[in-house]
Amino acid sequence: MIYSKSKFFILFLTVVSFFVSCTEDETTSLVVGQDFTDTNIRVLEIDTFDVKLSTMKFDRVPTSNSSRLLFGKYTDPDFGEVRAASYFRLSGGNYFIEEGAVLDRVALVMNYDGYFYNDTTQVLNLNLHRLTDKIDAQDGDNDIYNNTQIPYEATPIVSQQFEPRIGRDSLYIELPDDFGADLFSKIQNGQIQDNESLFQELKGLTIQPDDTDNGSVVGFSPNETFIKFYYNTPEDEGGEFEENEEVFELRMDIDLFAYYNNITSDVTGLPLEVIDDQEVNLLSTDSNNNSYMQSGVGYATRIEFPSIRNLFEINGTGTVLNANLRIKPNRDSYSDIKPIDQILGLYLVDQNNDVTIQVFNNIDFVFARLIEENPEFGEIIYNIPVLEFVETKLNEQPITETALILLPFENESRVNSVLFNDAFNEDFEAELTITYAIYED
């Protein structure tokens, strides 16, 4: 019989100081108050449970709530060709340009928000295209997803190469005269006088990388990405322009209710290629003893403990006092230009890999935290408290196929990725350790 933690609270207070590693045949005899007189109590630390890791992929990730615009492309040996493109609609604060004003220039300004992933020393090709259809939520909800495709004109408005400079304020791209002049004149003559009439003339824009790019994905602030018109006005009654005349500006911002990131990956020829549906689980034993996680694209590591109910085979009445999982990120899957997350979220999924709840205990949500295992050698391990999940699996009736998954925070706003070593990996074996207290009458 296995009791819950609350049933064993008094017992726990007494034996907590006796937490030692021992085998099943090691017995510690104690006298624990009046209720437990003449009772043999054993505290076991068991680390022989199976740890089953696999990789699943969400059919879609909502990215219209992203905190940033993502743009770029790179190739990864494990995650394939990763591509990020931004789609957005424009919105104006005012639509007045006085008669006689003359357009000087028009530019796209994109402020860096500090995010990058992979090699920013490589040149990226930015291609700005007109959308030919509107940006709209799908399936009756309010979200737009990472795999949403909206058609755009084949010929870009402008193409420009640049090396990402994350430390700078912004990327400045001057746009062609014909693009700016057309919108400028329609604002000036009243054809464009509000957001709706702007939308009729310009459904939206998308920023696309080149297929040949292999550099990085960088982040820009949607609040500080805009198109700006610079223009002059005549100074005298005859409509003559003076030297060094004042330059006026009209700014069109991103509509914060109509933008999203399209984030995809091509994994042709890689182990991940077999995952063609959210319900498919790629076993780590079929993928070089690794499981996968990647933001934006939707890969997540699924965790199960198939042999957990073997605890019932231990004689006596007991309780699980603690349960802890340790897994190691594959050392080749992260670096200074591919940073690793310090904290990951822990969630429950059902048999279809639909998320049901974020795991929590009596105090707060439960997280996987990165710790140093051997500081001298720079080894790092994710420490994951799984007591609540273990108790649920031991007590559930009927037995279900629920599992844990690890998910990064800002899952919709990044492309960070990592591999995890499974229980058969030569570098470090994923390990579940359970502290178990039993007593025998």
# chains A, B, ... in the order shown; residues from 1 in each chain; ligands from 1

call {"tool": "select_by_dssp", "arguments": {"residues": "range 119-248 of chain A", "states": "helix (DSSP H, G or I)", "output": "JSON, numbers by chain"}}
result
{"A": [177, 178, 179, 180, 181, 182, 183, 184, 185, 186, 187, 188, 195, 196, 197, 198, 199, 200, 201]}

call {"tool": "residues_around", "arguments": {"residues": "Gln200 in chain A", "least_positions_apart": "3", "cutoff": "12 Å", "atoms": "only C-alpha atoms", "output": "count of residues only"}}
result
17

call {"tool": "closest_residue", "arguments": {"among": "A:Ser333, A:Thr356, A:Thr48, A:Asn40", "to": "Val418 in chain A", "atoms": "only C-alpha atoms"}}
result
A:Ser333

call {"tool": "residues_around", "arguments": {"residues": "Asp178 in chain A", "least_positions_apart": "3", "cutoff": "12 Å", "atoms": "only C-alpha atoms", "output": "list in words"}}
result
Leu103, Asp104, Arg105, Val106, Ile157, Val158, Glu174, Leu175, Ala181, Asp182, Leu183, Phe184 and Ser185 of chain A

call {"tool": "atom_distance", "arguments": {"atom1": "CA of Phe71 in chain A", "atom2": "CA of Arg369 in chain A"}}
result
28.9 Å

call {"tool": "closest_residue", "arguments": {"among": "A:Leu250, A:Ala368, A:Ile438, A:Leu171", "to": "Ile314 in chain A", "atoms": "only C-alpha atoms"}}
result
A:Ile438

call {"tool": "closest_residue", "arguments": {"among": "A:Asn425, A:Asn146, A:Ser291, A:Asn281", "to": "Ile263 in chain A", "atoms": "only C-alpha atoms"}}
result
A:Asn146

call {"tool": "closest_residue", "arguments": {"among": "A:Thr63, A:Asn223, A:Ser413, A:Asn395", "to": "Ile308 in chain A", "atoms": "only C-alpha atoms"}}
result
A:Asn395

call {"tool": "closest_residue", "arguments": {"among": "A:Glu201, A:Asp76, A:Asp253, A:Asp213", "to": "Val123 in chain A", "atoms": "only C-alpha atoms"}}
result
A:Asp213

call {"tool": "select_by_dssp", "arguments": {"residues": "range 281-432 of chain A", "states": "strand (DSSP E)", "output": "PyMOL selection string"}}
result
chain A and resi 282-283+290-294+299-304+317-327+343-349+355-358+367-374+379-385+403-407+417-421+431-432

call {"tool": "write_last_selection", "arguments": {"atoms": "C-alpha atoms", "output": "PDB file, in the first residue's frame"}}
result
ATOM      1  CA  LEU A 282       9.787  10.029 -31.771  1.00  0.00           C
ATOM      2  CA  LEU A 283      11.550   7.828 -29.225  1.00  0.00           C
ATOM      3  CA  ASN A 290      18.464  12.368 -27.685  1.00  0.00           C
ATOM      4  CA  SER A 291      15.139  14.146 -27.376  1.00  0.00           C
ATOM      5  CA  TYR A 292      14.491  17.582 -28.867  1.00  0.00           C
ATOM      6  CA  MET A 293      13.013  20.928 -27.834  1.00  0.00           C
ATOM      7  CA  GLN A 294      12.666  24.055 -29.972  1.00  0.00           C
ATOM      8  CA  TYR A 299       9.182  20.623 -30.738  1.00  0.00           C
ATOM      9  CA  ALA A 300       8.931  19.494 -27.100  1.00  0.00           C
ATOM     10  CA  THR A 301      10.465  16.724 -24.997  1.00  0.00           C
ATOM     11  CA  ARG A 302       7.972  14.174 -23.636  1.00  0.00           C
ATOM     12  CA  ILE A 303       8.830  12.378 -20.361  1.00  0.00           C
ATOM     13  CA  GLU A 304       7.378   9.121 -19.028  1.00  0.00           C
ATOM     14  CA  THR A 317       3.008   0.411   3.569  1.00  0.00           C
ATOM     15  CA  GLY A 318       4.890   3.390   2.191  1.00  0.00           C
ATOM     16  CA  THR A 319       4.902   6.885   0.827  1.00  0.00           C
ATOM     17  CA  VAL A 320       6.944   8.807  -1.729  1.00  0.00           C
ATOM     18  CA  LEU A 321       8.784  11.567   0.095  1.00  0.00           C
ATOM     19  CA  ASN A 322      10.583  13.004  -2.901  1.00  0.00           C
ATOM     20  CA  ALA A 323      11.029  12.421  -6.624  1.00  0.00           C
ATOM     21  CA  ASN A 324      13.603  14.125  -8.765  1.00  0.00           C
ATOM     22  CA  LEU A 325      14.578  13.834 -12.426  1.00  0.00           C
ATOM     23  CA  ARG A 326      18.007  14.837 -13.720  1.00  0.00           C
ATOM     24  CA  ILE A 327      18.618  15.209 -17.450  1.00  0.00           C
ATOM     25  CA  ILE A 343      14.492  27.648 -16.500  1.00  0.00           C
ATOM     26  CA  LEU A 344      11.953  25.540 -18.409  1.00  0.00           C
ATOM     27  CA  GLY A 345       8.243  25.080 -17.812  1.00  0.00           C
ATOM     28  CA  LEU A 346       6.843  21.678 -16.838  1.00  0.00           C
ATOM     29  CA  TYR A 347       3.437  20.704 -18.247  1.00  0.00           C
ATOM     30  CA  LEU A 348       1.090  17.712 -18.436  1.00  0.00           C
ATOM     31  CA  VAL A 349      -0.069  16.374 -21.781  1.00  0.00           C
ATOM     32  CA  VAL A 355      -1.446  20.322 -22.978  1.00  0.00           C
ATOM     33  CA  THR A 356      -3.798  19.965 -20.017  1.00  0.00           C
ATOM     34  CA  ILE A 357      -2.137  21.918 -17.199  1.00  0.00           C
ATOM     35  CA  GLN A 358       1.126  23.442 -15.999  1.00  0.00           C
ATOM     36  CA  PHE A 367      10.134  24.307 -13.090  1.00  0.00           C
ATOM     37  CA  ALA A 368      13.150  22.557 -14.545  1.00  0.00           C
ATOM     38  CA  ARG A 369      16.205  24.514 -13.422  1.00  0.00           C
ATOM     39  CA  LEU A 370      19.697  24.437 -14.827  1.00  0.00           C
ATOM     40  CA  ILE A 371      22.381  23.712 -12.238  1.00  0.00           C
ATOM     41  CA  GLU A 372      26.108  23.071 -12.342  1.00  0.00           C
ATOM     42  CA  GLU A 373      26.879  19.392 -11.886  1.00  0.00           C
ATOM     43  CA  ASN A 374      30.658  19.588 -12.008  1.00  0.00           C
ATOM     44  CA  GLU A 379      28.928  20.454 -16.826  1.00  0.00           C
ATOM     45  CA  ILE A 380      25.310  21.492 -16.424  1.00  0.00           C
ATOM     46  CA  ILE A 381      22.201  19.469 -15.573  1.00  0.00           C
ATOM     47  CA  TYR A 382      18.488  20.191 -15.507  1.00  0.00           C
ATOM     48  CA  ASN A 383      17.048  19.361 -12.095  1.00  0.00           C
ATOM     49  CA  ILE A 384      13.300  18.649 -12.310  1.00  0.00           C
ATOM     50  CA  PRO A 385      11.087  18.019  -9.244  1.00  0.00           C
ATOM     51  CA  ALA A 403       3.067  12.457 -19.573  1.00  0.00           C
ATOM     52  CA  LEU A 404       5.250  15.432 -18.746  1.00  0.00           C
ATOM     53  CA  ILE A 405       6.672  17.786 -21.356  1.00  0.00           C
ATOM     54  CA  LEU A 406       9.312  20.478 -21.106  1.00  0.00           C
ATOM     55  CA  LEU A 407       8.553  23.796 -22.778  1.00  0.00           C
ATOM     56  CA  SER A 417      16.638  24.792 -29.313  1.00  0.00           C
ATOM     57  CA  VAL A 418      18.382  22.073 -27.310  1.00  0.00           C
ATOM     58  CA  LEU A 419      18.889  18.301 -27.234  1.00  0.00           C
ATOM     59  CA  PHE A 420      18.509  16.223 -24.056  1.00  0.00           C
ATOM     60  CA  ASN A 421      20.475  13.051 -23.329  1.00  0.00           C
ATOM     61  CA  GLU A 431      17.908   9.475 -14.040  1.00  0.00           C
ATOM     62  CA  LEU A 432      14.813   9.441 -11.841  1.00  0.00           C
TER      63      LEU A 432
END

call {"tool": "closest_residue", "arguments": {"among": "A:Asn94, A:Asn125, A:Thr435, A:Ser287", "to": "Asn214 in chain A", "atoms": "only C-alpha atoms"}}
result
A:Asn125

call {"tool": "decode", "arguments": {"residues": "range 304-315 of chain A", "atoms": "N, CA, C and O atoms", "output": "CSV table (one decimal), in the first residue's frame"}}
result
chain,number,residue,atom,x,y,z
A,304,GLU,N,8.2,10.1,-19.7
A,304,GLU,CA,7.4,9.1,-19.0
A,304,GLU,C,8.2,8.2,-18.1
A,304,GLU,O,9.5,8.1,-18.4
A,305,PHE,N,7.6,7.6,-17.2
A,305,PHE,CA,8.3,6.7,-16.2
A,305,PHE,C,7.5,5.4,-16.3
A,305,PHE,O,6.7,5.1,-15.4
A,306,PRO,N,7.8,4.5,-17.3
A,306,PRO,CA,7.0,3.3,-17.5
A,306,PRO,C,7.0,2.3,-16.3
A,306,PRO,O,6.1,1.6,-16.1
A,307,SER,N,8.1,2.3,-15.5
A,307,SER,CA,8.2,1.3,-14.5
A,307,SER,C,7.9,1.9,-13.1
A,307,SER,O,8.2,1.2,-12.1
A,308,ILE,N,7.3,3.0,-13.0
A,308,ILE,CA,7.0,3.7,-11.7
A,308,ILE,C,6.2,2.9,-10.8
A,308,ILE,O,6.4,2.9,-9.6
A,309,ARG,N,5.3,2.1,-11.3
A,309,ARG,CA,4.4,1.3,-10.5
A,309,ARG,C,5.0,0.1,-9.9
A,309,ARG,O,4.4,-0.7,-9.1
A,310,ASN,N,6.3,-0.1,-10.2
A,310,ASN,CA,7.0,-1.2,-9.5
A,310,ASN,C,7.2,-1.0,-8.0
A,310,ASN,O,7.5,-1.9,-7.3
A,311,LEU,N,6.9,0.3,-7.6
A,311,LEU,CA,7.0,0.6,-6.2
A,311,LEU,C,6.0,-0.3,-5.4
A,311,LEU,O,6.2,-0.6,-4.2
A,312,PHE,N,4.9,-0.7,-6.1
A,312,PHE,CA,3.9,-1.5,-5.4
A,312,PHE,C,4.5,-2.9,-5.0
A,312,PHE,O,3.9,-3.6,-4.2
A,313,GLU,N,5.6,-3.3,-5.6
A,313,GLU,CA,6.1,-4.6,-5.4
A,313,GLU,C,7.0,-4.6,-4.1
A,313,GLU,O,7.4,-5.7,-3.6
A,314,ILE,N,7.2,-3.5,-3.5
A,314,ILE,CA,8.0,-3.4,-2.3
A,314,ILE,C,7.0,-3.7,-1.1
A,314,ILE,O,5.9,-3.1,-1.0
A,315,ASN,N,7.4,-4.7,-0.3
A,315,ASN,CA,6.5,-5.1,0.9
A,315,ASN,C,6.4,-3.9,1.9
A,315,ASN,O,7.3,-3.2,2.1
